[in-house]
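**Q** This one is structure17.cif, mmCIF, C-alpha atoms and all ligand atoms.
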```cif
data_protein
#
loop_
_atom_site.group_PDB
_atom_site.id
_atom_site.type_symbol
_atom_site.label_atom_id
_atom_site.label_comp_id
_atom_site.auth_asym_id
_atom_site.auth_seq_id
_atom_site.Cartn_x
_atom_site.Cartn_y
_atom_site.Cartn_z
ATOM 1 C CA MET A 8 99.584 20.972 -46.680
ATOM 2 C CA SER A 9 99.701 17.322 -47.431
ATOM 3 C CA ASN A 10 101.480 16.821 -44.194
ATOM 4 C CA GLU A 11 98.722 18.531 -42.355
ATOM 5 C CA THR A 12 96.094 16.447 -44.086
ATOM 6 C CA GLN A 13 97.988 13.311 -43.183
ATOM 7 C CA GLN A 14 98.163 14.532 -39.648
ATOM 8 C CA ASN A 15 94.427 15.119 -39.545
ATOM 9 C CA GLY A 16 93.847 11.751 -41.060
ATOM 10 C CA LEU A 17 95.978 10.158 -38.373
ATOM 11 C CA ASN A 18 94.171 12.086 -35.706
ATOM 12 C CA ALA A 19 90.852 11.025 -37.124
ATOM 13 C CA ALA A 20 91.980 7.442 -37.283
ATOM 14 C CA ALA A 21 93.331 7.616 -33.760
ATOM 15 C CA SER A 22 90.157 9.084 -32.370
ATOM 16 C CA SER A 23 87.934 6.530 -34.089
ATOM 17 C CA GLU A 24 90.158 3.773 -32.747
ATOM 18 C CA ALA A 25 89.753 5.274 -29.315
ATOM 19 C CA LYS A 26 85.982 5.326 -29.742
ATOM 20 C CA ALA A 27 85.974 1.720 -30.845
ATOM 21 C CA ALA A 28 88.040 0.827 -27.800
ATOM 22 C CA GLU A 29 85.574 2.645 -25.551
ATOM 23 C CA ILE A 30 82.648 0.809 -27.092
ATOM 24 C CA SER A 31 84.271 -2.586 -26.789
ATOM 25 C CA GLU A 32 85.239 -1.816 -23.195
ATOM 26 C CA ALA A 33 81.659 -0.887 -22.458
ATOM 27 C CA LYS A 34 80.441 -4.131 -24.058
ATOM 28 C CA ALA A 35 82.977 -6.130 -22.102
ATOM 29 C CA GLY A 36 81.800 -4.372 -18.940
ATOM 30 C CA GLU A 37 78.181 -5.281 -19.618
ATOM 31 C CA SER A 38 78.797 -8.954 -20.030
ATOM 32 C CA SER A 39 81.501 -9.481 -17.453
ATOM 33 C CA ASP A 40 80.312 -7.278 -14.553
ATOM 34 C CA PRO A 41 79.768 -9.905 -11.840
ATOM 35 C CA LYS A 42 77.377 -7.683 -9.863
ATOM 36 C CA ALA A 43 75.041 -7.205 -12.825
ATOM 37 C CA GLY A 44 74.956 -10.969 -13.286
ATOM 38 C CA GLU A 45 74.129 -11.592 -9.619
ATOM 39 C CA THR A 46 71.277 -9.108 -9.641
ATOM 40 C CA SER A 47 69.537 -10.686 -12.589
ATOM 41 C CA LYS A 48 69.975 -14.165 -11.138
ATOM 42 C CA ALA A 49 68.508 -12.944 -7.823
ATOM 43 C CA ASN A 50 65.510 -11.513 -9.654
ATOM 44 C CA ILE A 51 64.889 -14.800 -11.387
ATOM 45 C CA GLY A 52 65.138 -16.551 -8.039
ATOM 46 C CA GLU A 53 62.535 -14.253 -6.495
ATOM 47 C CA ILE A 54 60.141 -14.795 -9.367
ATOM 48 C CA ALA A 55 60.516 -18.549 -9.119
ATOM 49 C CA GLU A 56 59.848 -18.419 -5.360
ATOM 50 C CA ALA A 57 56.731 -16.306 -5.875
ATOM 51 C CA GLU A 58 55.440 -18.813 -8.411
ATOM 52 C CA ALA A 59 56.138 -21.683 -6.031
ATOM 53 C CA SER A 60 54.180 -20.080 -3.189
ATOM 54 C CA ASP A 61 51.254 -19.446 -5.550
ATOM 55 C CA ASP A 62 51.242 -23.156 -6.303
ATOM 56 C CA GLU A 63 51.231 -23.962 -2.594
ATOM 57 C CA LEU A 64 48.227 -21.697 -2.036
ATOM 58 C CA LEU A 65 46.363 -23.283 -4.908
ATOM 59 C CA GLY A 66 47.148 -26.687 -3.436
ATOM 60 C CA ALA A 67 45.720 -25.631 -0.056
ATOM 61 C CA CYS A 68 42.519 -24.309 -1.617
ATOM 62 C CA GLY A 69 42.132 -27.487 -3.634
ATOM 63 C CA GLY A 70 41.187 -29.290 -0.425
ATOM 64 C CA SER A 71 43.578 -32.196 -0.903
ATOM 65 C CA GLU A 72 43.872 -32.548 2.898
ATOM 66 C CA ALA A 73 41.112 -33.936 5.092
ATOM 67 C CA PRO A 74 39.028 -31.219 6.792
ATOM 68 C CA ARG A 75 40.022 -30.632 10.418
ATOM 69 C CA THR A 76 37.913 -27.656 11.427
ATOM 70 C CA VAL A 77 34.480 -26.326 10.628
ATOM 71 C CA MET A 78 36.089 -23.657 8.488
ATOM 72 C CA ASP A 79 37.814 -26.424 6.493
ATOM 73 C CA VAL A 80 34.457 -28.045 5.903
ATOM 74 C CA LEU A 81 32.930 -24.737 4.848
ATOM 75 C CA ARG A 82 35.791 -24.251 2.382
ATOM 76 C CA LEU A 83 34.993 -27.522 0.615
ATOM 77 C CA PRO A 84 33.626 -27.004 -2.912
ATOM 78 C CA GLY A 85 29.929 -26.211 -2.860
ATOM 79 C CA VAL A 86 29.582 -26.012 0.918
ATOM 80 C CA ASP A 87 29.561 -22.189 0.990
ATOM 81 C CA ARG A 88 26.433 -22.153 -1.154
ATOM 82 C CA MET A 89 24.679 -24.526 1.248
ATOM 83 C CA TYR A 90 25.779 -22.640 4.349
ATOM 84 C CA ALA A 91 22.919 -21.942 6.777
ATOM 85 C CA VAL A 92 20.473 -23.902 4.605
ATOM 86 C CA GLN A 93 21.927 -27.402 4.446
ATOM 87 C CA PRO A 94 23.514 -29.173 7.423
ATOM 88 C CA ILE A 95 27.286 -29.535 7.540
ATOM 89 C CA PRO A 96 28.535 -33.159 7.544
ATOM 90 C CA TRP A 97 30.880 -32.841 10.521
ATOM 91 C CA CYS A 98 31.902 -30.550 13.362
ATOM 92 C CA PRO A 99 34.447 -31.015 16.185
ATOM 93 C CA HIS A 100 31.714 -30.999 18.877
ATOM 94 C CA LEU A 101 30.373 -34.349 17.672
ATOM 95 C CA GLU A 102 33.073 -35.788 19.955
ATOM 96 C CA GLN A 103 30.846 -34.827 22.918
ATOM 97 C CA VAL A 104 27.950 -36.966 21.729
ATOM 98 C CA GLU A 105 27.215 -39.966 23.960
ATOM 99 C CA PRO A 106 25.986 -43.141 22.226
ATOM 100 C CA LEU A 107 22.303 -44.026 22.554
ATOM 101 C CA ASP A 108 23.259 -47.101 24.573
ATOM 102 C CA GLY A 109 19.824 -48.745 24.710
ATOM 103 C CA ARG A 110 17.934 -45.534 25.583
ATOM 104 C CA ARG A 111 14.537 -45.085 23.978
ATOM 105 C CA LEU A 112 13.809 -41.461 23.213
ATOM 106 C CA ASN A 113 10.338 -40.152 24.003
ATOM 107 C CA CYS A 114 9.279 -37.237 21.825
ATOM 108 C CA ARG A 115 6.399 -36.382 24.162
ATOM 109 C CA ALA A 116 8.606 -35.941 27.233
ATOM 110 C CA PRO A 117 8.234 -32.470 28.796
ATOM 111 C CA CYS A 118 10.881 -29.788 29.272
ATOM 112 C CA LEU A 119 12.643 -30.419 32.589
ATOM 113 C CA ASP A 120 12.282 -26.754 33.536
ATOM 114 C CA CYS A 121 8.819 -25.675 32.369
ATOM 115 C CA ASP A 122 6.863 -28.827 31.403
ATOM 116 C CA GLU A 123 6.485 -27.613 27.817
ATOM 117 C CA THR A 124 5.817 -30.617 25.548
ATOM 118 C CA ASP A 125 5.894 -28.931 22.122
ATOM 119 C CA GLU A 126 9.008 -28.567 19.959
ATOM 120 C CA ASN A 127 11.413 -29.795 22.612
ATOM 121 C CA TRP A 128 15.046 -30.672 22.076
ATOM 122 C CA ILE A 129 17.096 -33.472 23.616
ATOM 123 C CA CYS A 130 20.757 -32.971 24.519
ATOM 124 C CA LEU A 131 22.844 -35.679 22.831
ATOM 125 C CA VAL A 132 25.501 -35.400 25.537
ATOM 126 C CA CYS A 133 23.432 -35.932 28.723
ATOM 127 C CA TYR A 134 20.003 -36.830 27.227
ATOM 128 C CA LYS A 135 18.131 -34.148 29.150
ATOM 129 C CA ILE A 136 15.085 -32.628 27.458
ATOM 130 C CA TYR A 137 14.425 -28.889 27.267
ATOM 131 C CA CYS A 138 12.202 -26.551 25.285
ATOM 132 C CA SER A 139 13.175 -24.611 22.171
ATOM 133 C CA ARG A 140 14.205 -21.009 21.730
ATOM 134 C CA PHE A 141 10.699 -20.354 20.400
ATOM 135 C CA LYS A 142 9.211 -21.462 23.767
ATOM 136 C CA ASN A 143 11.159 -20.689 26.933
ATOM 137 C CA GLU A 144 14.698 -21.198 25.566
ATOM 138 C CA HIS A 145 15.577 -23.805 28.220
ATOM 139 C CA MET A 146 17.751 -25.869 25.856
ATOM 140 C CA LEU A 147 19.639 -22.713 24.945
ATOM 141 C CA TYR A 148 20.333 -22.112 28.666
ATOM 142 C CA HIS A 149 21.308 -25.760 29.134
ATOM 143 C CA GLY A 150 23.795 -25.427 26.281
ATOM 144 C CA LEU A 151 25.319 -22.293 27.804
ATOM 145 C CA GLU A 152 25.528 -23.709 31.343
ATOM 146 C CA SER A 153 26.772 -27.214 30.521
ATOM 147 C CA GLU A 154 28.710 -26.465 27.325
ATOM 148 C CA HIS A 155 26.895 -29.430 25.807
ATOM 149 C CA ARG A 156 26.811 -28.405 22.162
ATOM 150 C CA ILE A 157 24.891 -31.016 20.177
ATOM 151 C CA VAL A 158 21.105 -31.237 20.449
ATOM 152 C CA LEU A 159 18.374 -33.102 18.560
ATOM 153 C CA SER A 160 15.047 -31.486 17.699
ATOM 154 C CA TYR A 161 11.924 -33.456 18.546
ATOM 155 C CA SER A 162 9.931 -31.359 16.084
ATOM 156 C CA ASP A 163 11.882 -32.032 12.866
ATOM 157 C CA LEU A 164 14.621 -34.475 14.036
ATOM 158 C CA SER A 165 17.374 -32.098 12.960
ATOM 159 C CA VAL A 166 20.651 -31.975 14.887
ATOM 160 C CA TRP A 167 22.013 -28.568 15.880
ATOM 161 C CA CYS A 168 25.419 -27.506 17.195
ATOM 162 C CA TYR A 169 25.261 -24.427 19.448
ATOM 163 C CA ALA A 170 28.989 -23.793 19.108
ATOM 164 C CA CYS A 171 28.974 -23.892 15.310
ATOM 165 C CA ASP A 172 25.479 -22.388 14.885
ATOM 166 C CA ASN A 173 24.797 -24.968 12.246
ATOM 167 C CA TYR A 174 22.748 -28.053 11.520
ATOM 168 C CA ILE A 175 24.850 -31.217 11.518
ATOM 169 C CA ASP A 176 24.172 -34.328 9.480
ATOM 170 C CA ASN A 177 26.551 -37.014 10.704
ATOM 171 C CA GLU A 178 25.886 -40.737 10.994
ATOM 172 C CA ILE A 179 26.936 -40.744 14.656
ATOM 173 C CA THR A 180 23.539 -39.155 15.407
ATOM 174 C CA TYR A 181 21.455 -41.520 13.243
ATOM 175 C CA PRO A 182 20.583 -43.988 16.060
ATOM 176 C CA MET A 183 19.178 -41.099 18.137
ATOM 177 C CA LYS A 184 17.268 -39.704 15.151
ATOM 178 C CA ASN A 185 15.893 -43.149 14.468
ATOM 179 C CA SER A 186 14.808 -43.659 18.067
ATOM 180 C CA ALA A 187 13.088 -40.248 18.088
ATOM 181 C CA HIS A 188 11.428 -41.057 14.765
ATOM 182 C CA ARG A 189 10.093 -44.331 16.194
ATOM 183 C CA SER A 190 8.695 -42.498 19.191
ATOM 184 C CA LYS A 191 7.097 -39.841 16.993
ATOM 185 C CA PHE A 192 5.802 -41.932 14.078
ATOM 186 C CA GLY A 193 5.904 -45.518 15.366
ATOM 187 C CA GLU A 194 8.389 -46.648 12.711
ATOM 188 C CA ASP A 195 12.064 -46.450 11.749
ATOM 189 C CA LEU A 196 13.462 -43.559 9.714
ATOM 190 C CA PRO A 197 13.068 -44.261 5.990
ATOM 191 C CA CYS A 198 16.416 -45.272 4.480
HETATM 192 ZN ZN ZN B 1 23.311 -31.858 28.126
HETATM 193 ZN ZN ZN B 2 11.321 -25.131 29.062
HETATM 194 ZN ZN ZN B 3 30.029 -27.870 16.467
#
```
As structure tokens, how would this structure be written, given the file I've shared?
Ligand SMILES: [Zn+2]
Ligand SMILES: [Zn+2]
Ligand SMILES: [Zn+2]
**A**
Amino acid sequence: MSNETQQNGLNAAASSEAKAAEISEAKAGESSDPKAGETSKANIGEIAEAEASDDELLGACGGSEAPRTVMDVLRLPGVDRMYAVQPIPWCPHLEQVEPLDGRRLNCRAPCLDCDETDENWICLVCYKIYCSRFKNEHMLYHGLESEHRIVLSYSDLSVWCYACDNYIDNEITYPMKNSAHRSKFGEDLPC
């Protein structure tokens, strides 16, 4: 009887030892499995990359670079709210504009096509004068035919770009505005 008990005790001890061995093997497997380690490192790498690209995007939206396109200008802080109401400060078509070069603008000059004298526009590329889209649309046609984009209004001295569909307020056009203002009101534009 006692022998049997001893035997059982040994068995029990043996089996618990075996269990302990299993557990420690499992633990060893967890910490030393090279594949498991690689996977978790790879995950961390992916997360870090994702964070980095978020930072890059934020940097791009922050407008740290100089604007190069009209869309860049429109992305500048506050410009979206002014869109279509306030002029944009720059557009790529300003490169077409020819300097005033001693010309004196005459706000009463007629449209070259229909002799209209009201609300005309002058092309700031070739200095031809045509009527507005509210008259016979001759400046609109001139813009389409010539691809001259930048025009100055003789009615309110605003500058419009046909390509960008926007008013432009850039100092390159100030001499022309000033000359038109002198013709219209007999004095320079107020500073
Ligand atoms: Zn023109
Ligand atoms: Zn006309
Ligand atoms: Zn433009």
**Q** Quote the spacing between atom CA of Ile129 of chain A and atom CA of Thr76 of chain A in Å to one decimal place.
**A**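 Computed distance, atom CA of Ile129 of chain A to atom CA of Thr76 of chain A, equals 24.8 Å.
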**Q** Compute the distance from (25.4, -34.6, 24.5) to each atom, counting only C-alpha atoms, keep the residues with any atom at most 7 Å away, and return them as a PyMOL selection string; use the coordinates of the file.
**A** chain A and resi 103-105+130-134+155-158
**Q** Name each residue within 7 Å of ligand ZN 3 (chain B), counting only C-alpha atoms and all ligand atoms, as a ChimeraX atom specification.
**A** /A:98-101,156,168-171
**Q** Between A:Lys135, A:His145, A:Pro96, A:Leu151, which one has atoms that come closest to Arg110 of chain A, using all atoms listed in the file?
**A** A:Lys135
**Q** Using only C-alpha atoms and all ligand atoms, which residue out of A:Glu152, A:Glu178, A:Phe192, A:Ser165 lies closest to ligand ZN 1 (chain B)?
**A**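 Using only C-alpha atoms and all ligand atoms, ligand ZN 1 (chain B) sits closest to A:Glu152.
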**Q** Give me, as a list in words, the set of residues whose atoms come within 12 Å of any atom of ligand ZN 2 (chain B), counting all atoms listed in the file.
**A**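 Result of the 12 Å neighbour search around ligand ZN 2 (chain B): Ala116, Pro117, Cys118, Leu119, Asp120, Cys121, Asp122, Glu123, Thr124, Asp125, Glu126, Asn127, Trp128, Ile129, Lys135, Ile136, Tyr137, Cys138, Ser139, Arg140, Phe141, Lys142, Asn143, Glu144, His145, Met146, Leu147, Tyr148 and His149 of chain A.
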**Q** Work out how far apart atom CA of Leu159 of chain A and atom CA of Gly109 of chain A are and give it in Å to one decimal.
**A** 16.9 Å
